[in-house]
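Working notes, structure below.
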Amino acid sequence: MITVSMMTVMLSSQSCDSYLDVVPDNVSTIEHAFKLRNEAEKYLFTLYNYLPRDGSVNNLGMLAGDEIWIPYQTSIYSDAFEIARGNQSVSNTYRSSWGGMYQAIRHCNIFLENVSDLTKVRDITDMERRRWIGEAEFLKAYYHFLLLRMYGPVPLIKTNLDIDATKEEVAVPRNSVDECVDYIVELLDASADKLPLLITDRTLELGRLTRPIAKAIKAKVLVTAASPLYNGNPDYAGYQNKDGKALFNPTFEIAKWERAAVAAKEAILLAEEAGHILFKMPPTSFSLSDTTILQLDLRQAVCERWNSEHIWANPNSTTADLQLQAMPPLHLDHNHNNARKILSPPLKIARQFYTRNGVPINEDKTLSFTDDAQLRRATHQERFYIEEGFETARLHFDREPRFYSSLAFDGSTWYKYDSPSNSDENTFIVRSKRTDYAGSTHAFHFNVTGYFIKKLVDWNQSMSSSGASYRTYPWPQIRLADLYLLYTEAVNEAYGPDHADAFIYIDKVRERAGLKSVEESWTDYSSNPSKFTSKDGLREIIRQERLIELAFEGHRFWDIRRWKKAAEYMNAAITGWNMQGEDAISYYQINTVYQQRFITPRDYFWPLSENAVIQNKNLVQSPGW
């Protein structure tokens, strides 16, 4: 039976940090919510409503790191960008999810307590009741995971507190990282047993949770927990609660990687059993080259609605505005208000993609990339990537297919549904020097690096002088390629490159991307041909593969943190081309946009606000804040 009062985490008028305040709930409202199926189902869907809107510029992974830059104080504002600029503090805890996630957990607890009571919601079947409980258990686990990823060790709220709770009971301290991980995994396992293998009612239920989603997120949680930030990190050896309880285990445990590998393999097999496969574009009536079809395979792996690769797509978070901010004008008649081109990948992101031979640009022994800005003209054979005869930077030639499917740049092609012809011959071309139609001349909508994110824009986008149409898609929280690479990483860390599965799944991702296997590519083209034969070398390869395959999907921000590489990446300058240049010579000059600063270990975890630690005497501040 529900208690008269529950632990609240809602923002109050007195304080935005009273996540452990205990206040009376509206008992009659709660009782009404769980009398009949219709009202209880509404409550269930409210639990989903707390999922972050990651298919937008509010995705922390997009604008709080170093993968996408935007003009400061322009037509869009995301406080995540304040974090990227180094403005986080205890008085301005930008994008803090502390209150919102604990509010979500509180409602999960209310739902679980009531729906688990067989005297309530009596007009649902046992199967429905079981499934609903599984959904709430998953969401409760996921919201705890989001807190863990942001704040490190956090208080676990397994049940809500009663109004009679003492002051000491309300002052909940942090649990250790290992305790948090074990509880999250326990909930995910419990939920997976209750969830369906797949959604059968695709008209009404797409977006609801399934067993493959639960297992995939379990794998992600365990890979995160096994990673250097959390597993034997000496930086937090002295991180303790006020009673002396250690919050980080300072000893590295290989067993955590082994556990992650088992979970990831289980998730892969279940996902494949449910019909999830790497996406490839279905046949179209258009006359397209193999080059363009491959680009569409790679772009639509993200943008195609409910496609076979999406293990979990979130319909609460659709992408019309995200596409609007990514898209550049592709014709003189296209209005900058309809294609704002604000999302600007830095030059270092363009450099991270492989050469056409599937190895890093600084390792390819057959191709030289010593001068990014060296000018070269595109040939007829290169016309499906770059306009024939167009003069652009050497960096834009001889690159892998994902470079061209993910990024656009001055002179690059951009094929989409409303191309001037039914083929990819003479298709749209980006022109972004200052005086061109995609140039940065608008007062509010402009690009700062010279790169545009093609990957996030559905190929069905259409543009005219009278307006623009963006086909929205539910945001892919996790897709099969992500899971394949998580498993590959865990296998290498646990067992090394001699394991039977060390290359199978990374090579599946590379094959879909039009590349040869790791072994063949490094053996034939790399100046370090044996790199893949050692655990350290394969680790570098796997990490770069993730950064490329999952670029602009919000993963890099969290990956470089769990790898303890954020200080390396985020203390480098954000650079791009000179967007004020009006010809090739002046445009292709490297321009420093911003010098980022990342302080370690402080900036790996969010600070708690000053009020939070004042109100809860048992709550210790994040290290360095």
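Residue numbering restarts at 1 in every chain; chains get A, B, ... in the order shown in the structure tokens, and ligands count up from 1 in that same order.
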query = Quick one: residues within 9 Å of segment 215-223 of chain A, only C-alpha atoms counted, chain neighbours fewer than 2 positions away excluded, as an NGL selection string?
reply = :A and (142 or 145 or 181 or 184-185 or 188-189 or 192 or 210-213 or 225-227 or 256-257 or 259-268 or 270-271 or 311-312 or 478 or 480 or 483 or 486-487 or 489-490)
Same residues, N, CA and C atoms, output as an mmCIF file, in the first residue's frame:
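For reference, out_6.cif as written:
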```cif
data_model
loop_
_atom_site.group_PDB
_atom_site.id
_atom_site.type_symbol
_atom_site.label_atom_id
_atom_site.label_comp_id
_atom_site.auth_asym_id
_atom_site.auth_seq_id
_atom_site.Cartn_x
_atom_site.Cartn_y
_atom_site.Cartn_z
ATOM 1 N N TYR A 142 17.456 2.747 -15.484
ATOM 2 C CA TYR A 142 18.062 3.649 -16.460
ATOM 3 C C TYR A 142 18.269 5.038 -15.869
ATOM 4 N N PHE A 145 21.218 4.940 -13.801
ATOM 5 C CA PHE A 145 22.425 4.900 -14.630
ATOM 6 C C PHE A 145 22.790 6.283 -15.147
ATOM 7 N N VAL A 181 26.221 0.059 -9.518
ATOM 8 C CA VAL A 181 26.226 -0.801 -10.708
ATOM 9 C C VAL A 181 25.461 -2.092 -10.444
ATOM 10 N N ILE A 184 21.681 -1.416 -10.358
ATOM 11 C CA ILE A 184 21.155 -1.112 -11.697
ATOM 12 C C ILE A 184 21.047 -2.395 -12.518
ATOM 13 N N VAL A 185 22.064 -3.230 -12.469
ATOM 14 C CA VAL A 185 22.052 -4.486 -13.224
ATOM 15 C C VAL A 185 20.975 -5.428 -12.684
ATOM 16 N N LEU A 188 17.774 -4.270 -14.149
ATOM 17 C CA LEU A 188 17.701 -4.551 -15.586
ATOM 18 C C LEU A 188 17.442 -6.029 -15.848
ATOM 19 N N ASP A 189 18.071 -6.907 -15.078
ATOM 20 C CA ASP A 189 17.813 -8.338 -15.225
ATOM 21 C C ASP A 189 16.367 -8.670 -14.871
ATOM 22 N N ALA A 192 14.133 -7.443 -17.736
ATOM 23 C CA ALA A 192 14.257 -8.198 -18.984
ATOM 24 C C ALA A 192 13.392 -9.447 -18.965
ATOM 25 N N THR A 210 11.636 -3.344 -24.700
ATOM 26 C CA THR A 210 11.708 -4.763 -25.028
ATOM 27 C C THR A 210 12.867 -5.408 -24.272
ATOM 28 N N ARG A 211 12.920 -6.731 -24.329
ATOM 29 C CA ARG A 211 14.007 -7.459 -23.683
ATOM 30 C C ARG A 211 15.366 -7.114 -24.293
ATOM 31 N N PRO A 212 15.498 -7.018 -25.627
ATOM 32 C CA PRO A 212 16.799 -6.614 -26.179
ATOM 33 C C PRO A 212 17.264 -5.236 -25.698
ATOM 34 N N ILE A 213 16.339 -4.321 -25.486
ATOM 35 C CA ILE A 213 16.731 -3.004 -24.960
ATOM 36 C C ILE A 213 17.326 -3.162 -23.563
ATOM 37 N N ALA A 225 31.133 0.552 -16.304
ATOM 38 C CA ALA A 225 31.680 0.248 -14.979
ATOM 39 C C ALA A 225 33.060 -0.389 -15.050
ATOM 40 N N ALA A 226 33.359 -1.084 -16.153
ATOM 41 C CA ALA A 226 34.667 -1.735 -16.306
ATOM 42 C C ALA A 226 35.732 -0.794 -16.849
ATOM 43 N N SER A 227 35.323 0.376 -17.319
ATOM 44 C CA SER A 227 36.228 1.309 -17.991
ATOM 45 C C SER A 227 37.125 2.044 -16.997
ATOM 46 N N LYS A 256 35.557 -7.374 -14.143
ATOM 47 C CA LYS A 256 34.508 -6.449 -14.587
ATOM 48 C C LYS A 256 34.409 -6.427 -16.105
ATOM 49 N N TRP A 257 35.547 -6.529 -16.782
ATOM 50 C CA TRP A 257 35.521 -6.619 -18.243
ATOM 51 C C TRP A 257 34.955 -7.958 -18.682
ATOM 52 N N ARG A 259 32.752 -9.740 -17.107
ATOM 53 C CA ARG A 259 31.304 -9.645 -16.895
ATOM 54 C C ARG A 259 30.642 -8.830 -17.996
ATOM 55 N N ALA A 260 31.286 -7.749 -18.403
ATOM 56 C CA ALA A 260 30.748 -6.902 -19.468
ATOM 57 C C ALA A 260 30.699 -7.653 -20.795
ATOM 58 N N ALA A 261 31.746 -8.434 -21.065
ATOM 59 C CA ALA A 261 31.785 -9.195 -22.322
ATOM 60 C C ALA A 261 30.654 -10.206 -22.378
ATOM 61 N N VAL A 262 30.402 -10.902 -21.282
ATOM 62 C CA VAL A 262 29.309 -11.876 -21.241
ATOM 63 C C VAL A 262 27.969 -11.186 -21.478
ATOM 64 N N ALA A 263 27.766 -10.043 -20.832
ATOM 65 C CA ALA A 263 26.506 -9.318 -20.974
ATOM 66 C C ALA A 263 26.321 -8.801 -22.393
ATOM 67 N N ALA A 264 27.378 -8.298 -23.007
ATOM 68 C CA ALA A 264 27.269 -7.754 -24.358
ATOM 69 C C ALA A 264 26.984 -8.850 -25.381
ATOM 70 N N LYS A 265 27.626 -10.018 -25.216
ATOM 71 C CA LYS A 265 27.367 -11.129 -26.142
ATOM 72 C C LYS A 265 25.916 -11.608 -25.996
ATOM 73 N N GLU A 266 25.454 -11.695 -24.767
ATOM 74 C CA GLU A 266 24.055 -12.076 -24.535
ATOM 75 C C GLU A 266 23.114 -11.078 -25.209
ATOM 76 N N ALA A 267 23.432 -9.800 -25.110
ATOM 77 C CA ALA A 267 22.592 -8.769 -25.714
ATOM 78 C C ALA A 267 22.594 -8.873 -27.236
ATOM 79 N N ILE A 268 23.754 -9.158 -27.828
ATOM 80 C CA ILE A 268 23.846 -9.298 -29.281
ATOM 81 C C ILE A 268 22.995 -10.466 -29.765
ATOM 82 N N LEU A 270 20.476 -11.880 -28.364
ATOM 83 C CA LEU A 270 19.052 -11.600 -28.180
ATOM 84 C C LEU A 270 18.553 -10.603 -29.219
ATOM 85 N N ALA A 271 19.350 -9.563 -29.488
ATOM 86 C CA ALA A 271 18.959 -8.571 -30.486
ATOM 87 C C ALA A 271 18.823 -9.210 -31.862
ATOM 88 N N ILE A 311 17.957 -0.771 -31.872
ATOM 89 C CA ILE A 311 17.502 -1.611 -30.765
ATOM 90 C C ILE A 311 16.537 -0.819 -29.902
ATOM 91 N N TRP A 312 16.879 0.455 -29.671
ATOM 92 C CA TRP A 312 15.996 1.325 -28.877
ATOM 93 C C TRP A 312 15.931 2.690 -29.538
ATOM 94 N N ILE A 478 20.170 3.478 -28.768
ATOM 95 C CA ILE A 478 21.225 2.475 -28.966
ATOM 96 C C ILE A 478 20.892 1.688 -30.223
ATOM 97 N N LEU A 480 22.512 -1.361 -33.179
ATOM 98 C CA LEU A 480 23.265 -2.606 -33.143
ATOM 99 C C LEU A 480 24.766 -2.369 -33.312
ATOM 100 N N LEU A 483 26.310 -1.716 -30.012
ATOM 101 C CA LEU A 483 26.415 -2.933 -29.217
ATOM 102 C C LEU A 483 27.554 -3.831 -29.716
ATOM 103 N N LEU A 486 30.718 -2.265 -28.402
ATOM 104 C CA LEU A 486 30.855 -2.465 -26.956
ATOM 105 C C LEU A 486 31.374 -3.863 -26.656
ATOM 106 N N TYR A 487 30.833 -4.852 -27.352
ATOM 107 C CA TYR A 487 31.278 -6.228 -27.138
ATOM 108 C C TYR A 487 32.735 -6.400 -27.557
ATOM 109 N N GLU A 489 35.065 -4.206 -27.609
ATOM 110 C CA GLU A 489 35.907 -3.546 -26.606
ATOM 111 C C GLU A 489 36.053 -4.413 -25.358
ATOM 112 N N ALA A 490 34.935 -4.964 -24.890
ATOM 113 C CA ALA A 490 34.987 -5.775 -23.671
ATOM 114 C C ALA A 490 35.813 -7.044 -23.883
#
```
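For segment 270-343 of chain A, backbone-based DSSP labels the following residues as strand (DSSP E): His310, Ile311, Trp312, Ala313 and Asn314 of chain A.
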task = Choose the residue, out of A:Met127, A:Leu547, A:Ile157, A:Ala378, that has the smallest atom-to-atom separation from Ala171 of chain A; count only C-alpha atoms.
result = A:Ile157
query = Of the candidates A:Arg431, A:His396, A:Arg106, A:Arg299, which one gets nearest to Arg351 of chain A if we count only C-alpha atoms?
reply = A:His396
message = Neighbouring residues of Pro497 of chain A were defined as those with any atom within 7 Å, considering only C-alpha atoms; residues of the same chain fewer than 2 positions away were excluded. Please report them as a VMD selection string.
response = chain A and resid 492 495 499 502 533 to 535 538
